[in-house]
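J.: Structure file data-v5.tsv (TSV, N, CA and C atoms) right here:
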chain	number	residue	atom	x	y	z
A	2	MET	N	-2.32	-17.06	-8.20
A	2	MET	CA	-2.85	-15.72	-8.40
A	2	MET	C	-1.81	-14.67	-8.00
A	3	LYS	N	-1.08	-14.96	-6.91
A	3	LYS	CA	-0.07	-14.01	-6.45
A	3	LYS	C	1.03	-13.84	-7.50
A	4	ARG	N	1.42	-14.96	-8.10
A	4	ARG	CA	2.47	-14.90	-9.12
A	4	ARG	C	2.01	-14.09	-10.33
A	5	PHE	N	0.75	-14.24	-10.70
A	5	PHE	CA	0.21	-13.50	-11.84
A	5	PHE	C	0.24	-12.00	-11.57
A	6	ILE	N	-0.22	-11.61	-10.38
A	6	ILE	CA	-0.24	-10.19	-10.02
A	6	ILE	C	1.18	-9.64	-9.96
A	7	LEU	N	2.10	-10.42	-9.41
A	7	LEU	CA	3.49	-9.99	-9.35
A	7	LEU	C	4.07	-9.80	-10.75
A	8	LYS	N	3.76	-10.73	-11.66
A	8	LYS	CA	4.24	-10.61	-13.03
A	8	LYS	C	3.66	-9.38	-13.72
A	9	VAL	N	2.37	-9.12	-13.51
A	9	VAL	CA	1.73	-7.96	-14.14
A	9	VAL	C	2.33	-6.66	-13.62
A	10	ILE	N	2.54	-6.57	-12.32
A	10	ILE	CA	3.13	-5.35	-11.75
A	10	ILE	C	4.56	-5.17	-12.25
A	11	THR	N	5.32	-6.25	-12.30
A	11	THR	CA	6.70	-6.17	-12.80
A	11	THR	C	6.73	-5.71	-14.25
A	12	LEU	N	5.89	-6.30	-15.08
A	12	LEU	CA	5.85	-5.90	-16.49
A	12	LEU	C	5.40	-4.45	-16.65
A	13	THR	N	4.47	-4.01	-15.82
A	13	THR	CA	4.02	-2.61	-15.88
A	13	THR	C	5.16	-1.66	-15.57
A	14	PHE	N	5.93	-1.94	-14.52
A	14	PHE	CA	7.06	-1.09	-14.18
A	14	PHE	C	8.12	-1.11	-15.28
A	15	ILE	N	8.38	-2.28	-15.83
A	15	ILE	CA	9.37	-2.36	-16.91
A	15	ILE	C	8.92	-1.53	-18.11
A	16	LEU	N	7.66	-1.64	-18.47
A	16	LEU	CA	7.15	-0.86	-19.60
A	16	LEU	C	7.18	0.64	-19.30
A	17	PHE	N	6.84	1.03	-18.07
A	17	PHE	CA	6.87	2.45	-17.70
A	17	PHE	C	8.27	3.02	-17.83
A	18	PHE	N	9.26	2.31	-17.30
A	18	PHE	CA	10.63	2.80	-17.41
A	18	PHE	C	11.12	2.73	-18.85
A	19	GLY	N	10.65	1.77	-19.60
A	19	GLY	CA	10.99	1.72	-21.02
A	19	GLY	C	10.47	2.93	-21.78
A	20	VAL	N	9.27	3.37	-21.44
A	20	VAL	CA	8.72	4.58	-22.08
A	20	VAL	C	9.55	5.80	-21.70
A	21	LEU	N	9.94	5.92	-20.43
A	21	LEU	CA	10.77	7.05	-20.01
A	21	LEU	C	12.11	7.05	-20.72
A	22	ILE	N	12.72	5.87	-20.84
A	22	ILE	CA	14.01	5.79	-21.54
A	22	ILE	C	13.83	6.15	-23.01
A	23	GLY	N	12.73	5.69	-23.62
A	23	GLY	CA	12.45	6.04	-25.01
A	23	GLY	C	12.25	7.53	-25.20
A	24	MET	N	11.58	8.18	-24.25
A	24	MET	CA	11.39	9.64	-24.33
A	24	MET	C	12.73	10.36	-24.23
A	25	GLN	N	13.61	9.85	-23.37
A	25	GLN	CA	14.93	10.46	-23.22
A	25	GLN	C	15.73	10.33	-24.51
A	26	TYR	N	15.72	9.15	-25.13
A	26	TYR	CA	16.44	8.95	-26.39
A	26	TYR	C	15.84	9.80	-27.52
A	27	ALA	N	14.52	9.93	-27.51
A	27	ALA	CA	13.88	10.76	-28.54
A	27	ALA	C	14.29	12.22	-28.37
A	28	ASN	N	14.40	12.69	-27.14
A	28	ASN	CA	14.82	14.07	-26.89
A	28	ASN	C	16.25	14.27	-27.37
A	29	GLU	N	17.13	13.31	-27.06
A	29	GLU	CA	18.51	13.42	-27.52
A	29	GLU	C	18.59	13.40	-29.04
A	30	GLY	N	17.76	12.59	-29.67
A	30	GLY	CA	17.73	12.54	-31.13
A	30	GLY	C	17.26	13.85	-31.73
A	31	MET	N	16.28	14.49	-31.11
A	31	MET	CA	15.80	15.79	-31.60
A	31	MET	C	16.88	16.85	-31.48
A	32	VAL	N	17.63	16.82	-30.38
A	32	VAL	CA	18.72	17.79	-30.21
A	32	VAL	C	19.79	17.57	-31.27
A	33	LYS	N	20.15	16.31	-31.51
A	33	LYS	CA	21.17	16.02	-32.53
A	33	LYS	C	20.69	16.41	-33.92
A	34	MET	N	19.41	16.21	-34.19
A	34	MET	CA	18.87	16.52	-35.50
A	34	MET	C	18.86	18.03	-35.75
A	35	ARG	N	18.50	18.79	-34.71
A	35	ARG	CA	18.46	20.25	-34.85
A	35	ARG	C	19.86	20.84	-34.87
A	36	GLY	N	20.75	20.26	-34.09
A	36	GLY	CA	22.11	20.76	-34.04
A	36	GLY	C	22.35	21.76	-32.93
A	37	TYR	N	21.33	22.11	-32.19
A	37	TYR	CA	21.48	23.04	-31.06
A	37	TYR	C	20.44	22.70	-30.00
A	38	GLN	N	20.68	23.22	-28.80
A	38	GLN	CA	19.79	22.95	-27.67
A	38	GLN	C	18.64	23.95	-27.71
A	39	ASP	N	17.43	23.46	-27.86
A	39	ASP	CA	16.23	24.30	-27.87
A	39	ASP	C	15.60	24.25	-26.48
A	40	PRO	N	15.40	25.40	-25.82
A	40	PRO	CA	14.84	25.38	-24.46
A	40	PRO	C	13.41	24.87	-24.41
A	41	SER	N	12.71	24.85	-25.55
A	41	SER	CA	11.34	24.35	-25.53
A	41	SER	C	11.31	22.82	-25.42
A	42	PHE	N	12.42	22.15	-25.78
A	42	PHE	CA	12.51	20.71	-25.62
A	42	PHE	C	13.14	20.42	-24.26
A	43	GLN	N	12.33	19.99	-23.33
A	43	GLN	CA	12.83	19.66	-22.01
A	43	GLN	C	13.07	18.16	-21.93
A	44	GLU	N	14.07	17.79	-21.15
A	44	GLU	CA	14.35	16.37	-20.95
A	44	GLU	C	13.23	15.78	-20.10
A	45	PRO	N	12.80	14.56	-20.41
A	45	PRO	CA	11.74	13.94	-19.61
A	45	PRO	C	12.16	13.73	-18.16
A	46	VAL	N	13.39	13.30	-17.94
A	46	VAL	CA	13.90	13.08	-16.59
A	46	VAL	C	15.30	13.65	-16.53
A	47	SER	N	15.54	14.53	-15.57
A	47	SER	CA	16.89	15.06	-15.40
A	47	SER	C	17.19	15.25	-13.93
A	48	ILE	N	18.43	14.95	-13.57
A	48	ILE	CA	18.91	15.13	-12.21
A	48	ILE	C	20.21	15.91	-12.30
A	49	GLU	N	20.25	17.07	-11.62
A	49	GLU	CA	21.42	17.94	-11.66
A	49	GLU	C	21.78	18.36	-10.25
A	50	GLU	N	23.06	18.60	-10.03
A	50	GLU	CA	23.51	19.11	-8.74
A	50	GLU	C	23.76	20.60	-8.87
A	51	ALA	N	23.13	21.38	-7.99
A	51	ALA	CA	23.26	22.83	-8.02
A	51	ALA	C	24.61	23.23	-7.43
A	52	ALA	N	24.95	24.50	-7.60
A	52	ALA	CA	26.22	25.01	-7.08
A	52	ALA	C	26.27	24.93	-5.55
A	53	SER	N	25.10	25.03	-4.90
A	53	SER	CA	25.06	24.98	-3.45
A	53	SER	C	25.17	23.56	-2.90
A	54	GLY	N	25.21	22.57	-3.78
A	54	GLY	CA	25.34	21.19	-3.36
A	54	GLY	C	24.02	20.44	-3.29
A	55	GLU	N	22.92	21.14	-3.52
A	55	GLU	CA	21.62	20.49	-3.48
A	55	GLU	C	21.35	19.80	-4.81
A	56	VAL	N	20.63	18.72	-4.74
A	56	VAL	CA	20.28	17.97	-5.94
A	56	VAL	C	18.91	18.42	-6.42
A	57	GLU	N	18.84	18.82	-7.68
A	57	GLU	CA	17.58	19.24	-8.28
A	57	GLU	C	17.18	18.22	-9.34
A	58	ALA	N	15.93	17.86	-9.35
A	58	ALA	CA	15.45	16.89	-10.32
A	58	ALA	C	14.21	17.45	-11.00
A	59	SER	N	14.01	17.04	-12.24
A	59	SER	CA	12.78	17.39	-12.95
A	59	SER	C	12.23	16.13	-13.60
A	60	PHE	N	10.93	16.00	-13.55
A	60	PHE	CA	10.25	14.85	-14.11
A	60	PHE	C	9.13	15.37	-15.00
A	61	LEU	N	9.26	15.14	-16.30
A	61	LEU	CA	8.30	15.60	-17.31
A	61	LEU	C	8.05	17.10	-17.21
A	62	GLY	N	9.11	17.87	-17.00
A	62	GLY	CA	9.02	19.32	-16.99
A	62	GLY	C	8.68	19.93	-15.64
A	63	ASN	N	8.37	19.14	-14.64
A	63	ASN	CA	8.05	19.64	-13.31
A	63	ASN	C	9.28	19.52	-12.42
A	64	ASN	N	9.68	20.63	-11.82
A	64	ASN	CA	10.86	20.63	-10.95
A	64	ASN	C	10.49	20.03	-9.60
A	65	LEU	N	11.36	19.17	-9.11
A	65	LEU	CA	11.19	18.53	-7.82
A	65	LEU	C	12.39	18.89	-6.96
A	66	SER	N	12.15	19.17	-5.70
A	66	SER	CA	13.25	19.41	-4.79
A	66	SER	C	12.90	18.85	-3.42
A	67	SER	N	13.91	18.67	-2.60
A	67	SER	CA	13.68	18.12	-1.27
A	67	SER	C	12.90	19.11	-0.42
A	68	HIS	N	13.02	20.41	-0.71
A	68	HIS	CA	12.27	21.41	0.06
A	68	HIS	C	10.78	21.25	-0.18
A	69	ASP	N	10.39	20.95	-1.41
A	69	ASP	CA	8.98	20.75	-1.72
A	69	ASP	C	8.43	19.56	-0.95
A	70	LEU	N	9.20	18.49	-0.89
A	70	LEU	CA	8.75	17.30	-0.19
A	70	LEU	C	8.64	17.55	1.31
A	71	GLU	N	9.61	18.28	1.87
A	71	GLU	CA	9.56	18.58	3.29
A	71	GLU	C	8.38	19.47	3.63
A	72	ALA	N	8.10	20.45	2.77
A	72	ALA	CA	6.96	21.34	3.01
A	72	ALA	C	5.65	20.58	2.94
A	73	LYS	N	5.54	19.66	1.99
A	73	LYS	CA	4.31	18.87	1.87
A	73	LYS	C	4.15	17.96	3.08
A	74	GLN	N	5.25	17.38	3.57
A	74	GLN	CA	5.16	16.51	4.74
A	74	GLN	C	4.73	17.30	5.97
A	75	LYS	N	5.28	18.51	6.16
A	75	LYS	CA	4.87	19.35	7.28
A	75	LYS	C	3.40	19.72	7.17
A	76	GLN	N	2.96	20.01	5.96
A	76	GLN	CA	1.56	20.37	5.74
A	76	GLN	C	0.65	19.19	6.08
A	77	LEU	N	1.05	17.98	5.70
A	77	LEU	CA	0.24	16.81	6.01
A	77	LEU	C	0.21	16.53	7.51
A	78	GLU	N	1.32	16.78	8.19
A	78	GLU	CA	1.35	16.57	9.63
A	78	GLU	C	0.48	17.59	10.36
A	79	GLU	N	0.38	18.80	9.84
A	79	GLU	CA	-0.40	19.85	10.48
A	79	GLU	C	-1.89	19.68	10.26
A	80	VAL	N	-2.26	19.03	9.19
A	80	VAL	CA	-3.67	18.89	8.87
A	80	VAL	C	-4.29	17.87	9.83
A	81	LYS	N	-5.24	18.32	10.58
A	81	LYS	CA	-5.94	17.45	11.52
A	81	LYS	C	-7.41	17.45	11.10
A	82	THR	N	-7.83	16.40	10.43
A	82	THR	CA	-9.21	16.32	9.98
A	82	THR	C	-9.90	15.18	10.72
A	83	PHE	N	-11.18	15.34	10.90
A	83	PHE	CA	-11.98	14.32	11.55
A	83	PHE	C	-12.44	13.34	10.50
A	84	ASN	N	-12.12	12.09	10.71
A	84	ASN	CA	-12.51	11.04	9.78
A	84	ASN	C	-13.57	10.19	10.46
A	85	LEU	N	-14.80	10.31	9.98
A	85	LEU	CA	-15.93	9.61	10.59
A	85	LEU	C	-15.73	8.10	10.54
A	86	PHE	N	-15.31	7.59	9.39
A	86	PHE	CA	-15.16	6.15	9.25
A	86	PHE	C	-14.05	5.62	10.16
A	87	SER	N	-12.99	6.40	10.34
A	87	SER	CA	-11.92	5.98	11.23
A	87	SER	C	-12.43	5.89	12.67
A	88	GLN	N	-13.20	6.87	13.09
A	88	GLN	CA	-13.75	6.87	14.45
A	88	GLN	C	-14.73	5.71	14.64
A	89	ILE	N	-15.56	5.44	13.64
A	89	ILE	CA	-16.50	4.32	13.73
A	89	ILE	C	-15.73	3.01	13.84
A	90	GLY	N	-14.67	2.86	13.04
A	90	GLY	CA	-13.86	1.64	13.09
A	90	GLY	C	-13.19	1.45	14.44
A	91	LYS	N	-12.67	2.54	15.01
A	91	LYS	CA	-12.02	2.43	16.31
A	91	LYS	C	-13.01	2.04	17.39
A	92	SER	N	-14.19	2.67	17.39
A	92	SER	CA	-15.18	2.35	18.42
A	92	SER	C	-15.70	0.92	18.24
A	93	LEU	N	-15.89	0.47	17.00
A	93	LEU	CA	-16.33	-0.90	16.75
A	93	LEU	C	-15.28	-1.90	17.22
A	94	ALA	N	-14.02	-1.61	16.97
A	94	ALA	CA	-12.94	-2.49	17.41
A	94	ALA	C	-12.89	-2.57	18.94
A	95	GLN	N	-13.07	-1.44	19.62
A	95	GLN	CA	-13.07	-1.44	21.08
A	95	GLN	C	-14.26	-2.24	21.62
A	96	PHE	N	-15.42	-2.10	20.98
A	96	PHE	CA	-16.61	-2.84	21.42
A	96	PHE	C	-16.40	-4.33	21.26
A	97	ILE	N	-15.89	-4.75	20.10
A	97	ILE	CA	-15.70	-6.18	19.85
A	97	ILE	C	-14.64	-6.75	20.79
A	98	THR	N	-13.57	-5.99	21.05
A	98	THR	CA	-12.53	-6.45	21.97
A	98	THR	C	-13.11	-6.64	23.37
A	99	GLY	N	-13.88	-5.68	23.85
A	99	GLY	CA	-14.50	-5.79	25.17
A	99	GLY	C	-15.49	-6.94	25.23
A	100	PHE	N	-16.26	-7.14	24.18
A	100	PHE	CA	-17.25	-8.21	24.12
A	100	PHE	C	-16.57	-9.58	24.19
A	101	ILE	N	-15.52	-9.77	23.39
A	101	ILE	CA	-14.80	-11.04	23.38
A	101	ILE	C	-14.12	-11.28	24.72
A	102	GLN	N	-13.55	-10.25	25.32
A	102	GLN	CA	-12.90	-10.41	26.62
A	102	GLN	C	-13.93	-10.79	27.69
A	103	GLY	N	-15.13	-10.21	27.60
A	103	GLY	CA	-16.20	-10.57	28.54
A	103	GLY	C	-16.61	-12.01	28.39
A	104	ILE	N	-16.78	-12.47	27.15
A	104	ILE	CA	-17.16	-13.86	26.91
A	104	ILE	C	-16.08	-14.80	27.44
A	105	LEU	N	-14.81	-14.48	27.17
A	105	LEU	CA	-13.73	-15.33	27.63
A	105	LEU	C	-13.64	-15.36	29.16
A	106	SER	N	-13.90	-14.26	29.81
A	106	SER	CA	-13.85	-14.25	31.28
A	106	SER	C	-15.00	-15.08	31.85
A	107	VAL	N	-16.19	-15.00	31.22
A	107	VAL	CA	-17.32	-15.81	31.68
A	107	VAL	C	-17.01	-17.29	31.46
A	108	LEU	N	-16.47	-17.66	30.30
A	108	LEU	CA	-16.11	-19.04	30.03
A	108	LEU	C	-15.03	-19.53	30.99
A	109	GLY	N	-14.09	-18.65	31.32
A	109	GLY	CA	-13.03	-19.02	32.26
A	109	GLY	C	-13.61	-19.27	33.65
A	110	GLY	N	-14.61	-18.46	34.03
A	110	GLY	CA	-15.27	-18.66	35.34
A	110	GLY	C	-16.03	-19.95	35.36
A	111	ILE	N	-16.73	-20.27	34.28
A	111	ILE	CA	-17.50	-21.52	34.23
A	111	ILE	C	-16.57	-22.72	34.27
A	112	LEU	N	-15.46	-22.66	33.52
A	112	LEU	CA	-14.51	-23.76	33.50
A	112	LEU	C	-13.86	-23.95	34.87
A	113	SER	N	-13.63	-22.87	35.59
A	113	SER	CA	-13.03	-23.01	36.91
A	113	SER	C	-14.01	-23.62	37.90
A	114	LEU	N	-15.34	-23.40	37.71
A	114	LEU	CA	-16.34	-24.01	38.60
A	114	LEU	C	-16.48	-25.50	38.31
A	115	ILE	N	-16.34	-25.87	37.03
A	115	ILE	CA	-16.51	-27.28	36.66
A	115	ILE	C	-15.34	-28.11	37.15
A	116	THR	N	-14.15	-27.58	37.10
A	116	THR	CA	-12.97	-28.38	37.49
A	116	THR	C	-12.64	-28.25	38.94
What is this structure when it is put down as structure tokens?
T.:
Amino acid sequence: MKRFILKVITLTFILFFGVLIGMQYANEGMVKMRGYQDPSFQEPVSIEEAASGEVEASFLGNNLSSHDLEAKQKQLEEVKTFNLFSQIGKSLAQFITGFIQGILSVLGGILSLIT
């Protein structure tokens, strides 16, 4: 089963990148056919280095930058939300740990009395 899932995931990634490469070739073909660069035709994937030395990337027309990622990470770190299920899981884990430790200590006491 693991091999099957691994094969499916691998084939999915290969097909996804194949589609992106096909979109890139189609864009280049459209530019060659027209004979000039049309700003309405954007490259599906592009990576360029700016004059300031920063790397700018665009994916399907959306600009990506490291500043966007850093801002999103800071925003996620600042968000403090109460997760009910997380709290229930933590308290349940603490209860089960204490319960098992109690049982083991009782069993250890009984075994020490027998021997």
J.: Kindly give the distance, in Å, that separates atom N of A:Ala72 and atom N of A:Leu85, rounded to a single decimal.
T.: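 Atom-to-atom, atom N of A:Ala72 and atom N of A:Leu85 are spaced 26.1 Å apart.
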J.: What gap, in Å, lies between atom N of A:Arg35 and atom C of A:Leu16?
T.: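 For atom N of A:Arg35 relative to atom C of A:Leu16, the distance reads 26.4 Å.
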J.: In Å, rounded to a single decimal, give me how far atom N of A:Gly103 is from atom N of A:Lys91.
T.: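 We find that atom N of A:Lys91 and atom N of A:Gly103 lie 18.1 Å from each other.
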